[in-house]
Amino acid sequence: MGLSRLAALHGVATSYSPSPDVTVSVPDDTVIAVLAALGVDAGTPADVRKCLVAAESRSRLLPPTVVVWAGEPLPPSLAGLPSGSTVTVEPEPADTPGPSGRPPAPLSMRARASAPAPPVPPPPGAAAAPLTPPGTAATTAPTTTAPTTTAPVAAAAAAPPATEAGAPAAVAAPPVTHAGNADSAPVVTPVAGTATASASPAASASASPSATAPAPATALPSASAPHTHPRRADEAPVVPAAVPAWWIPPPPGVHRVHVRTPDHRRATATLVVAPARVPQPPERSHGFLVQLYSLLSARSWGMGDLGDLADLAAWAGRTLGSGFVQVNPLHAAVPGRPTDPSPYRPSSRRFPDPVHLRVESVPEYGHVRDRAALDDLRQGADALSEAVLNKGALIDRDAVWELKRQALELVVEVPLTPGRRAAYCDFLAEQGQALEDHALWCALAEVHGPDWRTWPEALRDPRSSGTARARSELLDRVDFHCRLAWLTADQLAAAQRAAEEAGMSVGIVHDLAVGVHPAGADTWAQQEAFAHGMSVGAPPDAFNARGQDWGLPPWRPDTLAATGYAAYRGLLRGLLAGAGALRIDHVMGLFRLWWVPEGSPPTDGTYVAHDAEAMLAVLVLEAHRAGTVVVGEDLGTVAPGVREALARRGVLGTSVLWFERDWDGDGRPIAPERWRRDCLATATTHDLPSTAARLTGDHVTLRHRLGLLTRSLEEELTADLTDTAEWLALLARLRMLPEGDGDEEAAVRAVHRFLLRTPARMTGVWLPDTVGDRRPQNLPGTWDQYPNWRLPIADAEGHPVTLEEITASPRLHALMDVLRPRKPHTAPPGERRP
């Protein structure tokens with residue numbers, strides 16, 4: 001029982017429920033290993049007792065992180081402070097200094113009993129959905145649990161018994177302490193020149209044993225609220241929050257709050273002041289989903305690039321009235337031959353990969369003196385594209401990068417103009433230490449290989465004297481990689497500008513992977529932030545009895561909280577800078593993740609919780625600052641209350657047609673009007689069969705050829721045919737299939753008519769679907785059996801097609817006319833018909 005209590009104090013689950021009536025105990029060895037990764041020694045009963053005594057003897061006046069939401073009540077950790085307490089808020093440094101050039105002044109106040117101030121009006125449409133902590137009771141529908149999943153949605157954890165500490169023994173939610181007098185909620189009166197802070201409903205994993213359920217947080221002035229959102233009739237109204245008279249709201253941001261009580265107790269915490277919701281799409285829209293590497297054009301160097309992305313966005317916005325283009329993660333990959341082709345296992349999520357650069361679009365390209373060398377490289381790139389498009393070759397990222405690297409080495413020799421130099425210097429100043437560390441890792445990897453864990457001992461620490469010497473010795477290479485990061489960021493921003501200029505309401509939707517490679521730049525530069533010896537995965541379920549291990553080290557929740565979520569904030573700022581929206585893969589990871597100890601099977605893992613309220617608040621804050629929409633991939637195992645918490649903060653979900661069934665009822669397809677509004681609705685994803693393959697059953701025969709079926713081919717085909725037939729019957733009843741049975745293209749159009757009939761804010765069209773591609777870009781459960789992440793977009797016959805051929809495809813235009821008729825436009829003079 002002592003181990004369970006200690007685990008609960010640190011947000012570590014000691015049991016989980018794969019189905020409503022089943023509870024599985026986590027092995028003690030797993031719990032001990034996970035606690036060790038969090039810096040807690042629980043190796044012996046004596047160690048457990050010692051850690052418990054130390055943890056339970058601490059009395060936290062404030063949780064590690066305090067969250068203030070616009071238009072919501074002040075959290076108990078602040079509202080419940082003893083009367084006479086002094087609260088001081090140190091605002092975060094402003095991005096742009098004020099007229100005096102000095103940082104913002106601290107804001108202070110003193111708690112006094114007084115009448116509450118008038119309520120602050122909440123933002124319209126902010127439904128008051130309670131947040132259920134991960135680890136509470138749930139009912140489960142069929143589900144899968146990969147980072148990008150392939151089966152219906154479900155919930156996962158069952159309610160375990162409570163411990164003496166007041167937290168569930170198997171809980172995946174970190175406990176929270178809210179200090180104050182239980183009999184009264186004293187109020188505070190302001191002291192001259194002051195401001196204040198608020199409490200997070202859920203504290204971090206290092207919080208004290210006196211845990212409470214997440215509670216609403218406090219209010220900001222209406223001027224600080226995000227965009228307004230009309231509320232539907234089925235949304236619950238928000239009760240206006242009564243704000244204490246002493247409350248002087250700090251500006252939105254991540255601040256520090258200090259509290260001193262009359263009896264001289266002191267506490268300091270991170271204060272996150274956030275708008276109530278992320279920005280929403282200004283209108284309903286449709287757009288394309290595409291894996292950028294697969295989108296080759298006549299100008300590509302063997303794989304799709306940022307020039308192709310900008311061109312696709314400009315064409316789709318102007319010609320089809322599309323509102324967005326969603327791409328795969330463009331994070332920096334781990335270098336080496338062969339490079340891991342998966343965009344979901346990067347070296348760094350903070351910086352983009354320069355392999356996506358359109359080299360000719362770099363301004364200095366035209367001033368390279370050695371034109372012959374550039375011409376040779378261009379010919380090599382043409383040969384790569386020719387092999388992929390016409391000779392059956394796979395996309396070879398390593399070969400593409402070798403050519404681009406050589407070309408970029410020539411490009412960076414061209415001196416920057418004064419204006420360009422100033423822009424580069426601004427970029428270096430904005431990115432700071434994070435970019436310097438990333439570029440140094442890239443430079444060291446060129447010398448010592450891509451796995452920093454095998455480097456000389458002195459270089460494994462980014463702050464060692466040996467690393468400092470290496471930085472000086474490799475200064476030119478460090479600058480080279482800094483320059484590449486700048487050029488890539490510039491082209492990312494250009495793609496978003498192209499989308500906006502084409503009239504897209506959202507623009508480019510970037511993708512945030514779940515984690516990073518254990519040997520990459522992020523884990524080297526931020527070693528203290530990661531739980532080394534652990535890997536993120538998924539527990540066993542009805543679809544995968546062995547569970548899953550994704551090979552991605554998780555962030556330590558306690559370190560994130562102790563550092564004010566600095567790594568998380570920096571990551572979000574970098575991604576949001578050139579984005580119209582952000583998709584978060586496996587968004588449930590903001591609440592909890594399945595940790596698997598190194599050397600153990602995935603079945604011997606357990607859930608570890610984040611402070612979900614703080615993670616959401618930082619996300620909302622940064623998205624609001626950037627003006628970006630946020631889409632969460634919430635397929636798979638979803639704990640109760642998670643979708644409600646995300647929806648309350650304006651984070652859109654993801655709904656895939658084939659999984660939208662009434663799992664709590666008869667299991668039949670859900671009618672379009674019953675779909676949720678706040679989502680991206682689509683027929684498929686990169687991890688699923690294309691729509692044509694789904695309709696024809698080709699995906700089943702493919703899996704049979706690769707030996708991936710768990711039943712006979714006949715059984716699988718029968719089940720698949722039954723599933724598809726139910727959907728086709730519904731489409732026919734709704735008169736969305738006027739062409740009748742047997743027409744594959746018509747059936748694909750009918751599926752998208754159905755998506756358009758739903759209230760979904762965003763409708764995504766898988767770009768390969770527009771030309772009849774039958775091959776998935778990724779086939780989960782395979783490694784070298786299938787060419788994951790290396791296929792170009794192809795037509796129905798399997799012949800690769802270019803961006804130019806895709807945009808001219810009659811099949812594409814027939815499909816897109818279903819979603820929105822093409823706007824009239826004038827063709828160039830040379831293309832006009834008499």
# chains A, B, ... in the order shown; residues from 1 in each chain; ligands from 1
>>> select_by_dssp(residues="region 428-529 of chain A", states="alpha helix (DSSP H)", output="count of residues only")
62
>>> residues_around(residues="Met816 (chain A)", least_positions_apart="6", cutoff="10 Å", atoms="only C-alpha atoms", output="PyMOL selection string")
chain A and resi 286-287+320-322+749+752-753+765+770+810+822
>>> residues_around(residues="region 617-631 of chain A", least_positions_apart="4", cutoff="8 Å", atoms="only C-alpha atoms", output="number ranges by chain")
A: 67, 69, 226, 252-254, 272-281, 506, 565, 569, 572-573, 576-577, 579-584, 613, 649-654, 679-680
>>> closest_residue(among="A:Pro518, A:Pro792, A:Gly304, A:Pro354", to="Cys442 (chain A)", atoms="only C-alpha atoms")
A:Pro354
>>> residues_around(residues="region 41-43 of chain A", least_positions_apart="6", cutoff="8 Å", atoms="only C-alpha atoms", output="list in words")
Leu3, Ile32, Leu35 and Cys51 of chain A
>>> residues_around(residues="Gly533 (chain A)", least_positions_apart="5", cutoff="9 Å", atoms="only C-alpha atoms", output="PyMOL selection string")
chain A and resi 33-34+37+553+596-599
